[in-house]
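Encoded as structure tokens, the structure appears first; notes follow it.
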Amino acid sequence: MGDDTHLRETPVARAELMRGHFLHVVRDTVRLPSGREATREYVLHPGAVMVIGLLDDGRVVLERQYRHPMRSVLIEFPAGKRDPGEDSLACAQREFQEETGYVAREWAFAGRLAPTVAYSDECIDIWFARGLEPGERRLDEGEFLEVILGTADELLESCRLGEIIDSKTLIGALWLQNVRSGAWVLEWVDATGRPLSR
């Protein structure tokens, strides 16, 4: 992409503004390319995963969950934050089973997205899962959500109509559309992370 040194900011100092149960907010002082200093306030995040679960009949696994900041029930792909030191695939498997009850035989890492680059360092790893077997959910205390199933076409139509506004789910729908069309190819692994023979 070329040299970007003329755009980079250099960290000078950091102040902690808040450390809550979930959020950690800091204010960094940075040196701008011009030599002047400025401040940047943002949220530190441990990272997360999102799972696009594919059923054998072509439907996908989604959730309906109330999101307090939005004061609304949103439709989303299953997702959750990583525990300290937790491997991305292990987190995807854990979160998918806890929230939906499904266990998958095969997994594919699709990519990574940064949903809120202006005010957080959060990155979400996108995983596909197939060969699903239903099981029992293990929701966290205080977690209430409803698992729903829909076709890929229904998902895309909900995105088009503005019924789905969650950024990670919109990106997941883009990935799903391109994987279904064959434009984007996934490398599948088994549940232990070993590549599947072609």
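Note on naming: chains are A, B, ... as they come in the structure tokens, residues start from 1 per chain, ligands start from 1 in the order shown.
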
- [ ] Please give the complete set of residues from region 42-119 of chain A that DSSP, run on the backbone, assigns to strand (DSSP E), formatted as a PyMOL selection string.
- [x] chain A and resi 42-44+48-53+59-67+72-76+79-81+103-113

TODO: Would you mind writing down, as a PyMOL selection string, each residue of region 132-181 of chain A that DSSP on the backbone assigns to alpha helix (DSSP H)?
DONE: chain A and resi 152-160+167-181

Take the residues just selected and output them with N, CA and C atoms as a PDB file, in the first residue's frame.
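To be explicit, this is the file written out as out04.pdb:
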ATOM      1  N   ALA A 152     -29.949 -18.099   3.872  1.00  0.00           N
ATOM      2  CA  ALA A 152     -29.023 -17.025   3.518  1.00  0.00           C
ATOM      3  C   ALA A 152     -29.754 -15.903   2.787  1.00  0.00           C
ATOM      4  N   ASP A 153     -30.710 -16.262   1.937  1.00  0.00           N
ATOM      5  CA  ASP A 153     -31.468 -15.233   1.215  1.00  0.00           C
ATOM      6  C   ASP A 153     -32.310 -14.386   2.168  1.00  0.00           C
ATOM      7  N   GLU A 154     -32.904 -15.033   3.177  1.00  0.00           N
ATOM      8  CA  GLU A 154     -33.676 -14.285   4.176  1.00  0.00           C
ATOM      9  C   GLU A 154     -32.771 -13.337   4.962  1.00  0.00           C
ATOM     10  N   LEU A 155     -31.575 -13.819   5.291  1.00  0.00           N
ATOM     11  CA  LEU A 155     -30.602 -12.981   5.997  1.00  0.00           C
ATOM     12  C   LEU A 155     -30.253 -11.748   5.162  1.00  0.00           C
ATOM     13  N   LEU A 156     -29.933 -11.964   3.899  1.00  0.00           N
ATOM     14  CA  LEU A 156     -29.556 -10.848   3.035  1.00  0.00           C
ATOM     15  C   LEU A 156     -30.704  -9.856   2.859  1.00  0.00           C
ATOM     16  N   GLU A 157     -31.928 -10.358   2.762  1.00  0.00           N
ATOM     17  CA  GLU A 157     -33.083  -9.472   2.625  1.00  0.00           C
ATOM     18  C   GLU A 157     -33.277  -8.648   3.894  1.00  0.00           C
ATOM     19  N   SER A 158     -33.067  -9.254   5.062  1.00  0.00           N
ATOM     20  CA  SER A 158     -33.166  -8.518   6.325  1.00  0.00           C
ATOM     21  C   SER A 158     -32.097  -7.432   6.411  1.00  0.00           C
ATOM     22  N   CYS A 159     -30.915  -7.717   5.866  1.00  0.00           N
ATOM     23  CA  CYS A 159     -29.866  -6.698   5.814  1.00  0.00           C
ATOM     24  C   CYS A 159     -30.291  -5.558   4.893  1.00  0.00           C
ATOM     25  N   ARG A 160     -30.817  -5.901   3.721  1.00  0.00           N
ATOM     26  CA  ARG A 160     -31.219  -4.884   2.741  1.00  0.00           C
ATOM     27  C   ARG A 160     -32.310  -3.982   3.283  1.00  0.00           C
ATOM     28  N   SER A 167     -23.127  -4.376  13.009  1.00  0.00           N
ATOM     29  CA  SER A 167     -22.059  -4.296  12.007  1.00  0.00           C
ATOM     30  C   SER A 167     -21.388  -5.639  11.742  1.00  0.00           C
ATOM     31  N   LYS A 168     -21.143  -6.435  12.785  1.00  0.00           N
ATOM     32  CA  LYS A 168     -20.466  -7.715  12.564  1.00  0.00           C
ATOM     33  C   LYS A 168     -21.351  -8.659  11.752  1.00  0.00           C
ATOM     34  N   THR A 169     -22.656  -8.591  11.963  1.00  0.00           N
ATOM     35  CA  THR A 169     -23.573  -9.461  11.220  1.00  0.00           C
ATOM     36  C   THR A 169     -23.671  -9.019   9.769  1.00  0.00           C
ATOM     37  N   LEU A 170     -23.640  -7.718   9.513  1.00  0.00           N
ATOM     38  CA  LEU A 170     -23.624  -7.227   8.134  1.00  0.00           C
ATOM     39  C   LEU A 170     -22.361  -7.701   7.411  1.00  0.00           C
ATOM     40  N   ILE A 171     -21.207  -7.643   8.095  1.00  0.00           N
ATOM     41  CA  ILE A 171     -19.961  -8.134   7.499  1.00  0.00           C
ATOM     42  C   ILE A 171     -20.042  -9.645   7.305  1.00  0.00           C
ATOM     43  N   GLY A 172     -20.639 -10.352   8.281  1.00  0.00           N
ATOM     44  CA  GLY A 172     -20.818 -11.797   8.142  1.00  0.00           C
ATOM     45  C   GLY A 172     -21.674 -12.151   6.941  1.00  0.00           C
ATOM     46  N   ALA A 173     -22.701 -11.347   6.690  1.00  0.00           N
ATOM     47  CA  ALA A 173     -23.562 -11.584   5.526  1.00  0.00           C
ATOM     48  C   ALA A 173     -22.780 -11.388   4.236  1.00  0.00           C
ATOM     49  N   LEU A 174     -21.887 -10.398   4.205  1.00  0.00           N
ATOM     50  CA  LEU A 174     -21.024 -10.191   3.038  1.00  0.00           C
ATOM     51  C   LEU A 174     -20.139 -11.419   2.807  1.00  0.00           C
ATOM     52  N   TRP A 175     -19.530 -11.915   3.874  1.00  0.00           N
ATOM     53  CA  TRP A 175     -18.699 -13.115   3.760  1.00  0.00           C
ATOM     54  C   TRP A 175     -19.528 -14.299   3.262  1.00  0.00           C
ATOM     55  N   LEU A 176     -20.703 -14.487   3.857  1.00  0.00           N
ATOM     56  CA  LEU A 176     -21.549 -15.614   3.471  1.00  0.00           C
ATOM     57  C   LEU A 176     -21.929 -15.535   1.998  1.00  0.00           C
ATOM     58  N   GLN A 177     -22.299 -14.356   1.532  1.00  0.00           N
ATOM     59  CA  GLN A 177     -22.679 -14.178   0.127  1.00  0.00           C
ATOM     60  C   GLN A 177     -21.528 -14.548  -0.806  1.00  0.00           C
ATOM     61  N   ASN A 178     -20.315 -14.121  -0.474  1.00  0.00           N
ATOM     62  CA  ASN A 178     -19.166 -14.392  -1.332  1.00  0.00           C
ATOM     63  C   ASN A 178     -18.696 -15.840  -1.243  1.00  0.00           C
ATOM     64  N   VAL A 179     -18.821 -16.454  -0.088  1.00  0.00           N
ATOM     65  CA  VAL A 179     -18.484 -17.880   0.035  1.00  0.00           C
ATOM     66  C   VAL A 179     -19.488 -18.722  -0.754  1.00  0.00           C
ATOM     67  N   ARG A 180     -20.765 -18.393  -0.646  1.00  0.00           N
ATOM     68  CA  ARG A 180     -21.800 -19.144  -1.378  1.00  0.00           C
ATOM     69  C   ARG A 180     -21.602 -19.038  -2.885  1.00  0.00           C
ATOM     70  N   SER A 181     -21.172 -17.876  -3.354  1.00  0.00           N
ATOM     71  CA  SER A 181     -21.008 -17.684  -4.797  1.00  0.00           C
ATOM     72  C   SER A 181     -19.721 -18.316  -5.330  1.00  0.00           C
TER      73      SER A 181
END

Open item on the list: Set the distance at 9 Å and use only C-alpha atoms: which residues neighbour Ala48 (chain A) once local chain neighbours fewer than 5 positions away are removed? I'd like the list as a PyMOL selection string.
Closed with: chain A and resi 79-83+88+91-92+122-126

Kindly save the residues from that selection, with C-alpha atoms included, as a short mmCIF file (atom, residue, chain, number, x, y, z; two decimals), in the first residue's frame.
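Writing the result to out32.cif gives the following:
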data_model
loop_
_atom_site.label_atom_id
_atom_site.label_comp_id
_atom_site.auth_asym_id
_atom_site.auth_seq_id
_atom_site.Cartn_x
_atom_site.Cartn_y
_atom_site.Cartn_z
CA ALA A 79 -20.45 -13.99 19.04
CA GLY A 80 -18.55 -13.45 22.24
CA LYS A 81 -15.38 -12.06 23.74
CA ARG A 82 -12.18 -13.99 24.20
CA ASP A 83 -10.96 -14.98 27.64
CA SER A 88 -9.51 -17.92 18.65
CA CYS A 91 -13.29 -19.31 21.81
CA ALA A 92 -15.46 -19.73 18.71
CA GLU A 122 -11.61 -4.40 19.35
CA CYS A 123 -11.05 -7.01 16.62
CA ILE A 124 -13.52 -9.81 15.89
CA ASP A 125 -12.37 -13.05 14.28
CA ILE A 126 -14.92 -14.42 11.80
#

Task: Residue with smallest distance to Arg36 (chain A) - pool A:Val12, A:Val73, A:Ala108, A:Met50, counting only C-alpha atoms - done: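 Smallest distance to Arg36 (chain A) is found for A:Val12.
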
Open item on the list: Using only C-alpha atoms, which protein or nucleic acid residues come within 8 Å of Trp188 (chain A)? Drop anything in the same chain fewer than 5 positions from it, and give the result as a PyMOL selection string.
Closed with: chain A and resi 106-109+195-196

Selection above as a file: N, CA and C atoms, as an mmCIF file, in the first residue's frame:
data_model
loop_
_atom_site.group_PDB
_atom_site.id
_atom_site.type_symbol
_atom_site.label_atom_id
_atom_site.label_comp_id
_atom_site.auth_asym_id
_atom_site.auth_seq_id
_atom_site.Cartn_x
_atom_site.Cartn_y
_atom_site.Cartn_z
ATOM 1 N N GLU A 106 -16.605 -29.130 11.612
ATOM 2 C CA GLU A 106 -15.629 -28.456 10.753
ATOM 3 C C GLU A 106 -15.714 -26.945 10.926
ATOM 4 N N TRP A 107 -14.535 -26.317 10.860
ATOM 5 C CA TRP A 107 -14.418 -24.881 11.082
ATOM 6 C C TRP A 107 -13.530 -24.257 10.011
ATOM 7 N N ALA A 108 -13.788 -22.999 9.706
ATOM 8 C CA ALA A 108 -12.942 -22.263 8.756
ATOM 9 C C ALA A 108 -12.817 -20.822 9.221
ATOM 10 N N PHE A 109 -11.567 -20.364 9.352
ATOM 11 C CA PHE A 109 -11.322 -18.960 9.686
ATOM 12 C C PHE A 109 -11.501 -18.132 8.420
ATOM 13 N N PRO A 195 -6.037 -29.359 9.363
ATOM 14 C CA PRO A 195 -6.597 -29.137 8.024
ATOM 15 C C PRO A 195 -7.296 -30.391 7.488
ATOM 16 N N LEU A 196 -8.393 -30.201 6.803
ATOM 17 C CA LEU A 196 -9.118 -31.327 6.190
ATOM 18 C C LEU A 196 -8.483 -31.636 4.843
#

Task: Distance in Å - CA of Gln93 (chain A) versus CA of Pro69 (chain A) - done: 26.8 Å

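Among A:Glu16, A:Asp87, A:Asp121, A:Asp56, the residue with the shortest atom-to-atom distance to Val43 (chain A), counting only C-alpha atoms, is A:Asp121.
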
Task: d(CA of Arg105 (chain A), CA of Arg59 (chain A)) in Å - done: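 Interatomic distance here is 16.5 Å.
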
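Distances here use only C-alpha atoms; by that measure, the residue among A:Gly111, A:Gly85, A:Pro78, A:Pro11 closest to Gly53 (chain A) is A:Pro78.
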
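The gap separating CA of Leu113 (chain A) from CA of Gly131 (chain A) is 24.6 Å, in Å to one decimal.
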
Open item on the list: So that I can see what lies close to Arg67 (chain A), please list as a list in words the residues with an atom at most 12 Å from it, counting only C-alpha atoms and leaving out residues fewer than 4 positions away in the same chain.
Closed with: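 So, after excluding close chain neighbours, the residues are Glu63, Arg71, Ser72, Val73, Leu74, Ile75, Glu76, Glu143, Phe144, Leu145, Ile165 and Asp166 of chain A.
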
Print the selection's residues with C-alpha atoms to a file, as a PDB file, in the first residue's frame.
ATOM      1  CA  GLU A  63     -29.744 -14.954  17.501  1.00  0.00           C
ATOM      2  CA  ARG A  71     -32.745  -0.183  23.592  1.00  0.00           C
ATOM      3  CA  SER A  72     -33.742  -2.821  21.054  1.00  0.00           C
ATOM      4  CA  VAL A  73     -33.710  -6.521  20.247  1.00  0.00           C
ATOM      5  CA  LEU A  74     -31.198  -7.106  17.435  1.00  0.00           C
ATOM      6  CA  ILE A  75     -30.619 -10.020  15.069  1.00  0.00           C
ATOM      7  CA  GLU A  76     -26.988 -11.127  15.130  1.00  0.00           C
ATOM      8  CA  GLU A 143     -27.720 -13.683  29.369  1.00  0.00           C
ATOM      9  CA  PHE A 144     -31.025 -13.978  27.534  1.00  0.00           C
ATOM     10  CA  LEU A 145     -31.191 -14.683  23.824  1.00  0.00           C
ATOM     11  CA  ILE A 165     -28.050  -3.210  11.732  1.00  0.00           C
ATOM     12  CA  ASP A 166     -25.367  -4.985  13.766  1.00  0.00           C
TER      13      ASP A 166
END

TODO: Kindly indicate which residue among A:Leu186, A:Leu161, A:Val117, A:Ala104 lies nearest to Pro134 (chain A), using only C-alpha atoms for the distances.
DONE: A:Ala104
